[in-house]
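The structure appears right after this line, and notes come after that.
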Amino acid sequence: MKNIDFISDMAIEAAEAGGLGELSKRTELGCGIVQHYLNIKSLELAKQIGRDRGVYITFDCPKNVYGSEKALKSLAAYIATALAGLIGTVRKTTPVLVIGLGNGGVIADALGQRAVEGVEVTKEYPVSYTKQCVYAMTTGVLGTTGMQSADIASAVTDKVKPCAVILIDSLATGTVSRVGTSFQISTAGISPGGGVGQDKQRIDKSVLGVPVIAIGVPLMLSMRTAVYGFVKDYLSKMEITVDEYRLRAEMVEKDLSHLVVAPKEIDFLVNAAAGVIATAINRAFHN
């Protein structure tokens, strides 16, 4: 959604911001994990929400999720099931290609690289097709490679001809409680850096020619979105009329427009979230 007040990669947040949160199906799972299922089918609805058409599944976890082995195993299992369901019947004779996006040199943007490091790759097709052949790679970023991630992904896809591509990337959010503890899976592809106002060439099925599943975790908080939402909610509860024009002007004046922050425990959150994603992918295709 492109407006001065809202920056987030989370589809559920975009729907809620547009007054369409009721379109998401909410299901309470085990260990305090909540699943949100949003299917944007029509072009009209996509424009209203500000997201591309596709299925968006979000798992919101409690803050202590990384302190519970049971919760982590459950979360990985939920993600693995969602992956398998979105990809559908996977042909064992063709590989699944896992691609880590982002900048490994910036901790908050290193989710893709660190998750790929934990993926069990298959160097050659197994004799028996009980396991799926999995390839994995990272694209780096334009500033270090000189190439768009979409071009690299497209070239590799053309070469290895996978049955599906899984993209992993860090996301941005405007909700503090979701930083590091929400996992979004989508069939709509992804625009690397889109959540922080650095739109790059989009990567989706129309570009790669095969089903594309994007997995991301919000590891960066948009101050503009967070402050705007907090102030509006607070004043509304106090029954004070919000002067939205003045609020926007104040945020611009205070230089909040493009400020994106990460929590102090970001290194731990990136490693923990990457581990969950890698475990889920391994479970989905190697069990």
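In the structure tokens, the first chain shown is A, the next is B, and so on; residue numbers restart at 1 for each chain, and ligands run from 1 in the order shown.
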
Give me every alpha helix (DSSP H) residue in stretch 18-125 of chain A, going by DSSP on the backbone, as a PyMOL selection string. chain A and resi 43-49+69-87+111-117

As a ChimeraX atom specification, please: the residues near stretch 23-27 of chain A (cut-off 6 Å, only C-alpha atoms, same-chain neighbours under 5 positions excluded). /A:34-38

For stretch 143-160 of chain A: contacts at 9 Å, only C-alpha atoms, fewer than 5 positions along chain excluded, given as a list in words: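 Here the qualifying residues turn out to be Thr94, Pro95, Leu97, Ile99, Leu101, Gly102, Asn103, Tyr135, Thr138, Val165, Ser191, Pro192, Lys200, Gln201, Arg202, Ile203, Asp204, Val207, Leu208, Gly209 and Val210 of chain A.
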
Mind pulling up the distance from atom CA of A:Gly180 to atom CA of A:Ala11?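 According to the coordinates, atom CA of A:Ala11 and atom CA of A:Gly180 are separated by 15.9 Å.
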